[in-house]
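Q: Compact mmCIF, C-alpha atoms, file structure-v8.txt:
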```
# COMPACT_ATOMS: atom_id res chain seq x y z
CA MET B 1 0.00 0.00 0.00
CA LYS B 2 1.28 3.47 -0.91
CA TYR B 3 0.70 6.67 1.04
CA LYS B 4 1.58 10.32 0.82
CA LEU B 5 2.99 11.61 4.07
CA ASN B 6 1.70 15.10 4.79
CA ARG B 7 1.47 15.30 8.60
CA LYS B 8 -0.62 12.15 8.30
CA LEU B 9 -0.84 9.25 5.87
CA ILE B 10 -3.00 9.75 2.79
CA PRO B 11 -3.62 6.57 0.76
CA ILE B 12 -2.61 6.72 -2.90
CA PHE B 13 -4.85 4.91 -5.34
CA ASP B 14 -3.48 6.50 -8.49
CA GLU B 15 0.31 6.76 -8.85
CA SER B 16 -0.08 9.71 -11.20
CA GLN B 17 -1.12 11.71 -8.13
CA ILE B 18 2.41 11.45 -6.68
CA GLU B 19 4.54 14.56 -7.07
CA SER B 20 8.32 14.55 -6.82
CA SER B 21 8.26 16.97 -3.87
CA GLU B 22 5.98 14.75 -1.77
CA ILE B 23 7.09 12.10 0.71
CA LEU B 24 6.15 8.58 -0.30
CA VAL B 25 5.50 5.87 2.30
CA GLU B 26 5.15 2.26 1.18
CA ILE B 27 4.04 -0.62 3.39
CA MET B 28 4.49 -3.84 1.47
CA THR B 29 5.09 -7.54 1.89
CA LEU B 30 8.50 -9.13 1.42
CA GLY B 31 7.40 -10.59 -1.91
CA GLU B 32 6.22 -7.21 -3.19
CA PHE B 33 9.48 -5.59 -2.10
CA ASP B 34 11.54 -8.31 -3.80
CA GLU B 35 9.61 -7.92 -7.04
CA LYS B 36 9.68 -4.12 -7.17
CA TYR B 37 13.21 -3.28 -5.95
CA LYS B 38 15.21 -6.26 -7.12
CA GLY B 39 18.62 -5.16 -8.34
CA ASN B 40 18.99 -2.24 -5.91
CA TYR B 41 21.82 -2.43 -3.39
CA HIS B 42 19.58 -1.82 -0.39
CA HIS B 43 17.29 -4.57 -1.69
CA GLU B 44 19.98 -7.23 -1.39
CA LEU B 45 20.90 -6.17 2.16
CA LEU B 46 17.29 -6.00 3.32
CA MET B 47 16.38 -9.32 1.73
CA ASP B 48 19.27 -11.00 3.58
CA SER B 49 18.16 -9.43 6.87
CA MET B 50 14.46 -10.14 6.33
CA GLU B 51 14.96 -13.80 5.44
CA HIS B 52 15.48 -14.68 9.11
CA ILE B 53 14.95 -11.71 11.42
CA GLN B 54 16.77 -12.65 14.60
CA TYR B 55 17.26 -9.23 16.18
CA SER B 56 16.85 -5.49 15.68
CA LYS B 57 19.65 -3.82 13.77
CA VAL B 58 20.43 -0.77 11.61
CA GLU B 59 22.79 -0.31 8.69
CA ILE B 60 23.83 3.19 7.63
CA LEU B 61 24.40 3.42 3.87
CA ARG B 62 25.61 6.39 1.88
CA SER B 63 22.20 7.80 0.99
CA CYS B 64 19.77 5.77 3.09
CA THR B 65 19.27 3.95 6.37
CA ILE B 66 17.96 0.40 6.42
CA GLY B 67 17.35 -2.13 9.13
CA THR B 68 15.08 -4.62 10.84
CA ILE B 69 13.07 -4.42 14.06
CA LEU B 70 12.12 -7.59 15.95
CA VAL B 71 9.29 -7.05 18.44
CA PRO B 72 8.27 -9.80 20.90
CA ASP B 73 4.54 -10.45 21.12
CA LYS B 74 3.46 -9.36 24.60
CA GLN B 75 0.67 -11.96 24.58
CA ASP B 76 3.21 -14.77 24.24
CA LEU B 77 6.79 -13.57 24.67
CA LEU B 78 8.40 -16.99 24.33
CA GLU B 79 6.67 -18.28 21.22
CA LYS B 80 5.53 -15.32 19.10
CA GLU B 81 7.29 -12.30 17.66
CA PHE B 82 6.69 -9.65 15.05
CA GLY B 83 9.44 -8.43 12.71
CA PHE B 84 9.60 -5.85 9.97
CA GLY B 85 12.20 -4.18 7.79
CA PHE B 86 12.53 -0.50 6.95
CA TYR B 87 14.22 1.75 4.42
CA ILE B 88 14.50 5.50 4.96
CA HIS B 89 15.60 7.82 2.17
CA LYS B 90 15.00 11.44 1.34
CA ARG B 91 11.24 11.68 0.62
CA HIS B 92 10.86 7.90 0.60
CA VAL B 93 10.10 5.44 3.41
CA ILE B 94 9.50 1.72 2.94
CA PHE B 95 8.24 -0.73 5.55
CA ILE B 96 8.33 -4.45 4.81
CA ASP B 97 5.79 -6.41 6.80
CA ASP B 98 4.00 -9.67 6.02
CA THR B 99 1.70 -9.51 9.04
CA LYS B 100 -0.26 -6.33 8.15
CA ARG B 101 0.38 -5.04 11.67
CA LEU B 102 2.22 -1.95 10.52
CA GLN B 103 -0.75 -0.84 8.45
CA LYS B 104 -2.92 -1.00 11.57
CA ILE B 105 -0.29 0.85 13.62
CA ALA B 106 0.15 3.52 10.95
CA ALA B 107 -3.62 4.08 10.83
CA ARG B 108 -3.65 4.73 14.59
CA LEU B 109 -0.81 7.26 14.63
CA PRO B 110 -1.78 10.85 15.39
CA GLU B 111 -1.14 13.67 12.96
CA ILE B 112 2.47 14.87 12.99
CA LYS B 113 2.43 18.40 14.36
CA ALA B 114 6.14 19.14 14.62
CA TYR B 115 7.44 21.36 11.82
CA ASP B 116 11.16 21.31 12.60
CA THR B 117 11.76 17.62 11.85
CA THR B 118 11.94 15.75 8.59
CA LEU B 119 8.68 13.87 8.17
CA GLU B 120 10.45 10.68 7.09
CA ALA B 121 12.37 10.49 10.38
CA ARG B 122 9.42 11.66 12.46
CA PHE B 123 7.12 9.01 11.00
CA PHE B 124 9.66 6.28 11.81
CA ILE B 125 10.07 7.66 15.35
CA GLU B 126 6.28 7.66 15.80
CA ILE B 127 6.21 3.95 14.87
CA ILE B 128 8.93 3.12 17.42
CA GLU B 129 7.25 5.21 20.13
CA PHE B 130 3.98 3.38 19.49
CA LEU B 131 5.73 0.02 19.96
CA ILE B 132 7.18 0.93 23.38
CA ASN B 133 4.51 3.39 24.50
CA ASP B 134 2.92 1.36 27.33
CA ASP B 135 5.88 -0.85 28.14
CA VAL B 136 6.55 0.83 31.49
CA LEU B 137 3.15 -0.38 32.69
CA TYR B 138 3.78 -3.77 31.11
CA LEU B 139 7.03 -4.17 33.06
CA GLN B 140 5.26 -3.00 36.21
CA ARG B 141 3.01 -6.05 35.91
CA TYR B 142 6.08 -8.29 36.05
CA GLU B 143 7.30 -6.48 39.13
CA ASP B 144 3.88 -6.95 40.77
CA MET B 145 3.93 -10.68 39.94
CA LEU B 146 7.41 -11.06 41.43
CA VAL B 147 6.31 -9.19 44.56
CA ASP B 148 3.40 -11.64 44.89
CA VAL B 149 5.83 -14.56 44.60
CA GLU B 150 8.01 -13.01 47.31
CA GLU B 151 5.03 -12.61 49.65
CA GLU B 152 4.05 -16.24 49.09
CA LEU B 153 7.61 -17.31 49.84
CA LEU B 154 7.51 -15.43 53.13
CA GLU B 155 4.34 -17.30 54.10
CA HIS B 156 5.19 -20.76 52.81
CA THR B 157 7.09 -22.62 50.11
CA VAL B 158 5.63 -22.14 46.61
CA ASP B 159 5.03 -25.53 44.96
CA ASP B 160 5.46 -24.32 41.36
CA PHE B 161 8.26 -21.89 42.14
CA HIS B 162 10.86 -23.27 39.73
CA THR B 163 8.39 -23.55 36.83
CA ASP B 164 7.02 -20.04 37.31
CA MET B 165 10.41 -18.46 37.92
CA LEU B 166 11.94 -20.11 34.86
CA ARG B 167 9.14 -18.71 32.70
CA TYR B 168 9.46 -15.24 34.21
CA ARG B 169 13.22 -15.24 33.72
CA ARG B 170 12.97 -16.28 30.08
CA GLU B 171 10.31 -13.70 29.34
CA ILE B 172 12.28 -10.94 31.05
CA MET B 173 15.42 -11.96 29.16
CA THR B 174 13.46 -11.71 25.89
CA LEU B 175 12.37 -8.17 26.77
CA ASN B 176 15.88 -7.34 27.96
CA SER B 177 17.36 -8.29 24.56
CA TYR B 178 14.60 -6.42 22.73
CA TYR B 179 15.20 -3.12 24.54
CA GLN B 180 18.98 -3.46 24.33
CA GLN B 181 18.86 -4.00 20.57
CA MET B 182 16.33 -1.18 20.14
CA THR B 183 18.56 1.19 22.11
CA GLU B 184 21.64 0.33 20.08
CA ALA B 185 19.76 0.68 16.76
CA LEU B 186 18.36 4.11 17.66
CA GLN B 187 21.72 5.32 18.96
CA MET B 188 23.35 4.28 15.69
CA MET B 189 20.70 6.16 13.72
CA SER B 190 21.22 9.24 15.90
CA GLU B 191 24.89 9.33 14.87
CA ASN B 192 23.56 10.39 11.43
CA LYS B 193 26.69 9.36 9.56
CA ASN B 194 25.01 9.77 6.17
CA GLY B 195 23.51 13.20 6.97
CA LEU B 196 19.96 11.98 6.37
CA PHE B 197 18.45 13.67 9.44
CA ASN B 198 18.44 17.20 10.81
CA ALA B 199 19.32 18.33 14.36
CA GLU B 200 15.77 17.90 15.67
CA ASP B 201 15.55 14.42 14.20
CA ILE B 202 18.77 13.48 16.00
CA ARG B 203 17.46 14.92 19.28
CA LEU B 204 14.22 12.93 19.02
CA LEU B 205 16.09 9.74 18.12
CA ARG B 206 18.20 10.17 21.25
CA VAL B 207 15.09 10.83 23.35
CA VAL B 208 13.48 7.59 22.15
CA ALA B 209 16.81 5.74 22.58
CA ASN B 210 16.94 6.95 26.18
CA ARG B 211 13.38 5.69 26.75
CA ALA B 212 14.34 2.28 25.39
CA ASP B 213 17.48 2.34 27.54
CA ARG B 214 15.42 3.02 30.67
CA LEU B 215 13.19 0.07 29.80
CA TYR B 216 16.36 -1.98 29.35
CA ASP B 217 17.49 -0.93 32.84
CA ASN B 218 14.08 -1.96 34.22
CA THR B 219 14.43 -5.43 32.75
CA LYS B 220 17.93 -5.74 34.25
CA MET B 221 16.45 -4.83 37.63
CA LEU B 222 13.74 -7.47 37.18
CA ARG B 223 16.35 -10.08 36.26
CA GLU B 224 18.25 -9.29 39.44
CA TYR B 225 14.97 -9.54 41.37
CA THR B 226 14.40 -13.06 40.04
CA VAL B 227 17.92 -14.03 41.17
CA GLN B 228 17.18 -12.69 44.65
CA LEU B 229 13.93 -14.66 44.77
CA ARG B 230 15.74 -17.85 43.79
CA GLU B 231 18.25 -17.26 46.57
CA MET B 232 15.40 -16.57 48.98
CA TYR B 233 13.65 -19.79 47.93
CA GLN B 234 16.86 -21.78 48.41
CA SER B 235 17.30 -20.21 51.84
CA GLN B 236 13.80 -21.32 52.81
CA ILE B 237 14.54 -24.84 51.59
CA ASP B 238 17.72 -24.83 53.70
CA ILE B 239 15.77 -23.61 56.73
CA GLU B 240 13.20 -26.39 56.31
CA GLN B 241 15.96 -28.95 56.00
CA ASN B 242 17.65 -27.56 59.10
CA LYS B 243 14.38 -27.87 61.02
CA THR B 244 14.04 -31.49 59.93
CA MET B 245 17.61 -32.25 60.89
CA ARG B 246 17.11 -30.60 64.29
CA ILE B 247 14.02 -32.71 64.99
CA LEU B 248 15.88 -35.87 64.00
CA THR B 249 18.80 -34.85 66.21
CA VAL B 250 16.51 -34.22 69.18
CA VAL B 251 14.75 -37.58 68.74
CA THR B 252 18.10 -39.35 68.44
CA THR B 253 19.39 -37.58 71.56
CA ILE B 254 16.27 -38.52 73.55
CA PHE B 255 16.57 -42.22 72.76
CA MET B 256 20.34 -42.42 73.13
CA PRO B 257 20.27 -42.94 76.94
CA LEU B 258 17.53 -45.56 76.54
CA THR B 259 19.70 -47.37 74.03
CA LEU B 260 22.56 -47.30 76.52
CA ILE B 261 20.34 -48.73 79.30
CA ALA B 262 19.00 -51.43 76.98
CA GLY B 263 22.56 -52.30 75.97
CA TRP B 264 23.72 -52.65 79.54
CA TYR B 265 20.85 -54.86 80.61
CA GLY B 266 21.23 -56.93 77.51
CA MET B 267 24.65 -58.15 78.67
CA ASN B 268 24.90 -61.79 79.74
CA PHE B 269 26.16 -61.15 83.30
CA GLU B 270 24.63 -62.98 86.21
CA HIS B 271 25.29 -60.45 88.98
CA MET B 272 23.76 -57.20 87.66
CA PRO B 273 22.03 -54.60 89.90
CA GLU B 274 18.29 -55.20 90.22
CA LEU B 275 18.52 -58.22 87.92
CA HIS B 276 16.67 -60.52 90.35
CA SER B 277 14.69 -57.81 92.15
CA PRO B 278 10.87 -58.14 91.80
CA TYR B 279 10.70 -54.38 91.08
CA GLY B 280 13.78 -54.22 88.83
CA TYR B 281 11.86 -54.18 85.51
CA ILE B 282 9.48 -51.49 86.75
CA GLY B 283 12.43 -49.53 88.14
CA VAL B 284 14.22 -49.52 84.77
CA ILE B 285 11.01 -48.38 83.06
CA ALA B 286 10.51 -45.59 85.59
CA PHE B 287 14.13 -44.50 85.29
CA SER B 288 13.87 -44.49 81.48
CA VAL B 289 10.68 -42.38 81.59
CA LEU B 290 12.35 -40.01 84.04
CA VAL B 291 15.33 -39.62 81.71
CA VAL B 292 13.08 -38.90 78.68
CA VAL B 293 10.98 -36.36 80.63
CA GLY B 294 14.13 -34.67 81.92
CA GLU B 295 15.54 -34.42 78.39
CA ILE B 296 12.29 -32.98 77.01
CA ILE B 297 12.18 -30.35 79.77
CA PHE B 298 15.80 -29.43 79.08
CA PHE B 299 15.22 -29.16 75.30
CA LYS B 300 12.15 -26.99 75.82
CA TRP B 301 14.13 -24.74 78.13
CA LYS B 302 16.77 -24.42 75.40
CA LYS B 303 13.96 -23.78 72.85
CA TRP B 304 15.10 -26.60 70.61
CA PHE B 305 11.49 -27.41 69.69
CA ASP B 306 10.76 -23.89 68.32
```
Could you render the structure as structure tokens?

A:
Amino acid sequence: MKYKLNRKLIPIFDESQIESSEILVEIMTLGEFDEKYKGNYHHELLMDSMEHIQYSKVEILRSCTIGTILVPDKQDLLEKEFGFGFYIHKRHVIFIDDTKRLQKIAARLPEIKAYDTTLEARFFIEIIEFLINDDVLYLQRYEDMLVDVEEELLEHTVDDFHTDMLRYRREIMTLNSYYQQMTEALQMMSENKNGLFNAEDIRLLRVVANRADRLYDNTKMLREYTVQLREMYQSQIDIEQNKTMRILTVVTTIFMPLTLIAGWYGMNFEHMPELHSPYGYIGVIAFSVLVVVGEIIFFKWKKWFD
């Protein structure tokens, strides 16, 4: 689909309407781009990048800027993603997208009101700002979920902790890579090595790069939070194990004197104290009970049962 860019996109249905002084925006599929621009230098580079979009990147050419943007799908960060290519030239912008998402995004963009930027750069910046517009709130949801996990850990051990935490970590790492690559791409564009942008364009590119960088810092903080939660979970496991070992130690200590008494009276000696006494058996039982009660009182006094 072709558009004229005049503060907002105006669809072009007749190519004879296009004037050389107007800015042309094209949103097309990879197949359409291959068919129309085959043989151009930027075509070969973009086709190589678009074949398997693995990350966001920018290449600065002599008279144009090209690149790819890979955006994780916030509905399913681990399985779905959305990628598109772009080409920015004087009075000409091309977006390559097989998903039709960019057409929907472009239709929702507000009218460009700034007059001191080049419209080509401003339109691209508006697209990027739309992609990261609500991401601060999106990352806040992750922080809230991690806080909930921490509160559950303080109350009791979470059964699905490892499964949930592994998913959170992978999702946060996906966002972390996305914002890092976005920041680096925008910073490279702001260097303006081919002189395609004016001073205001460069300023806005740096502003958006700083926003992406702050989001990148947020994801780093969330990653560190997940590490702290894992350490906290392991500490709770260690505490539970220590409690179990303490109980086993106390039980072993209680029965150790009884084992000693049973061992003594199990010896095959004829002349043992109370061996032939009619109250010897009862006396050993009473003494054993007295020993156990004494040990329990002592352990409670030492707070070993707490």

Q: Just want the 8 Å neighbourhood of B:Glu22, counted on all atoms listed in the file, with same-chain residues fewer than 4 positions away dropped. Output as a short mmCIF file (atom, residue, chain, number, x, y, z; two decimals) with C-alpha atoms, in the frame of the given file.

A:
```cif
data_model
loop_
_atom_site.label_atom_id
_atom_site.label_comp_id
_atom_site.auth_asym_id
_atom_site.auth_seq_id
_atom_site.Cartn_x
_atom_site.Cartn_y
_atom_site.Cartn_z
CA LYS B 4 1.58 10.32 0.82
CA LEU B 5 2.99 11.61 4.07
CA ASN B 6 1.70 15.10 4.79
CA ILE B 18 2.41 11.45 -6.68
CA ARG B 91 11.24 11.68 0.62
#
```

Q: I'd like the neighbourhood of stretch 233-239 of chain B as an mmCIF file with C-alpha atoms, in the coordinates of the input, where a residue qualifies if any of its atoms comes within 12 Å (using all atoms listed in the file), though same-chain residues fewer than 6 positions away should be ignored.

A:
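Below is the file around02.cif, written as the result:
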```cif
data_model
loop_
_atom_site.group_PDB
_atom_site.id
_atom_site.type_symbol
_atom_site.label_atom_id
_atom_site.label_comp_id
_atom_site.auth_asym_id
_atom_site.auth_seq_id
_atom_site.Cartn_x
_atom_site.Cartn_y
_atom_site.Cartn_z
ATOM 1 C CA VAL B 149 5.830 -14.560 44.600
ATOM 2 C CA GLU B 150 8.010 -13.010 47.310
ATOM 3 C CA GLU B 151 5.030 -12.610 49.650
ATOM 4 C CA GLU B 152 4.050 -16.240 49.090
ATOM 5 C CA LEU B 153 7.610 -17.310 49.840
ATOM 6 C CA LEU B 154 7.510 -15.430 53.130
ATOM 7 C CA GLU B 155 4.340 -17.300 54.100
ATOM 8 C CA HIS B 156 5.190 -20.760 52.810
ATOM 9 C CA THR B 157 7.090 -22.620 50.110
ATOM 10 C CA VAL B 158 5.630 -22.140 46.610
ATOM 11 C CA ASP B 159 5.030 -25.530 44.960
ATOM 12 C CA ASP B 160 5.460 -24.320 41.360
ATOM 13 C CA PHE B 161 8.260 -21.890 42.140
ATOM 14 C CA HIS B 162 10.860 -23.270 39.730
ATOM 15 C CA MET B 165 10.410 -18.460 37.920
ATOM 16 C CA THR B 226 14.400 -13.060 40.040
ATOM 17 C CA VAL B 227 17.920 -14.030 41.170
ATOM 18 C CA MET B 245 17.610 -32.250 60.890
ATOM 19 C CA ARG B 246 17.110 -30.600 64.290
#
```

Q: Measuring atom to atom with all atoms listed in the file, identify which of B:Asn268, B:Asn133, B:Asn40, B:Thr174 is nearest to B:Lys80.

A: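 When distances to B:Lys80 are compared using all atoms listed in the file, the smallest one comes from B:Thr174.
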
Q: With all atoms listed in the file as the basis for distance, which of B:Thr99, B:Thr117, B:Asn192, B:Thr219 is at the shortest distance from B:Arg141?

A: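 Answer, going by the shortest atom-to-atom distance: B:Thr219.
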
Q: Between atom CA of B:Val250 and atom CA of B:Val291, what is the distance, to one decimal in Å?

A: 13.7 Å

Q: Check the smallest atom-to-atom distance from each of B:Ile112, B:Val207, B:Val93, B:Val292 to B:Phe255 using only C-alpha atoms, then report the winner.

A: B:Val292

Q: So, counting all atoms listed in the file, which residue among B:Leu175, B:Ile297, B:Leu229, B:Glu26 is closest to B:Asp148?

A: B:Leu229

Q: Which polymer residues have any atom within 9 Å of an atom of B:Glu111, counting only C-alpha atoms, with same-chain residues fewer than 2 positions away left out, as number ranges by chain?

A: B: 6-9, 109, 113

Q: Quick check, in Å to one decimal: how far apart do atom CA of B:Leu77 and atom CA of B:Arg214 lie?

A: 19.6 Å

Q: Using atom CA of B:Ala209 and atom CA of B:Ala185 as the two end points, give the distance in Å to one decimal.

A: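 It comes out at 8.3 Å.
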
Q: For stretch 259-266 of chain B, take all atoms listed in the file, fit an axis-aligned box around them, add 8 Å to each of the six sides, then output centre and edge lengths in Å rounded to one decimal, as AutoDock Vina command-line options.

A:
```
--center_x 21.4 --center_y -52.1 --center_z 77.3 --size_x 20.7 --size_y 25.6 --size_z 22.6
```

Q: What's around B:Ile12 at 6 Å? Count all atoms listed in the file, leave out sequence neighbours fewer than 2 positions away in its own chain, and write the answer as a ChimeraX atom specification.

A: /B:2-3,14

Q: Could you write out that same residue set with C-alpha atoms as a PDB file, in the coordinates of the input?

A:
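File produced: selection.pdb:
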```pdb
ATOM      1  CA  LYS B   2       1.280   3.470  -0.910  1.00  0.00           C
ATOM      2  CA  TYR B   3       0.700   6.670   1.040  1.00  0.00           C
ATOM      3  CA  ASP B  14      -3.480   6.500  -8.490  1.00  0.00           C
TER       4      ASP B  14
END
```

Q: Of the residues B:Gly85, B:Leu78, B:Arg62, B:Ala107, which is the one nearest to B:Leu46, using only C-alpha atoms?

A: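 Ranking B:Gly85, B:Leu78, B:Arg62, B:Ala107 by distance to B:Leu46, first place goes to B:Gly85.
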
Q: Quick one: residues within 7 Å of B:Ile53, all atoms listed in the file counted, chain neighbours fewer than 4 positions away excluded, as a list in words?

A: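 Everything that qualifies: Ser49, Leu70 and Gly83 of chain B.
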
Q: How would the residues just chosen look if you wrote them out with C-alpha atoms as a compact mmCIF listing (two decimals), in the coordinates of the input?

A:
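After the write, again16.txt holds the following:
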```
# COMPACT_ATOMS: atom_id res chain seq x y z
CA SER B 49 18.16 -9.43 6.87
CA LEU B 70 12.12 -7.59 15.95
CA GLY B 83 9.44 -8.43 12.71
```
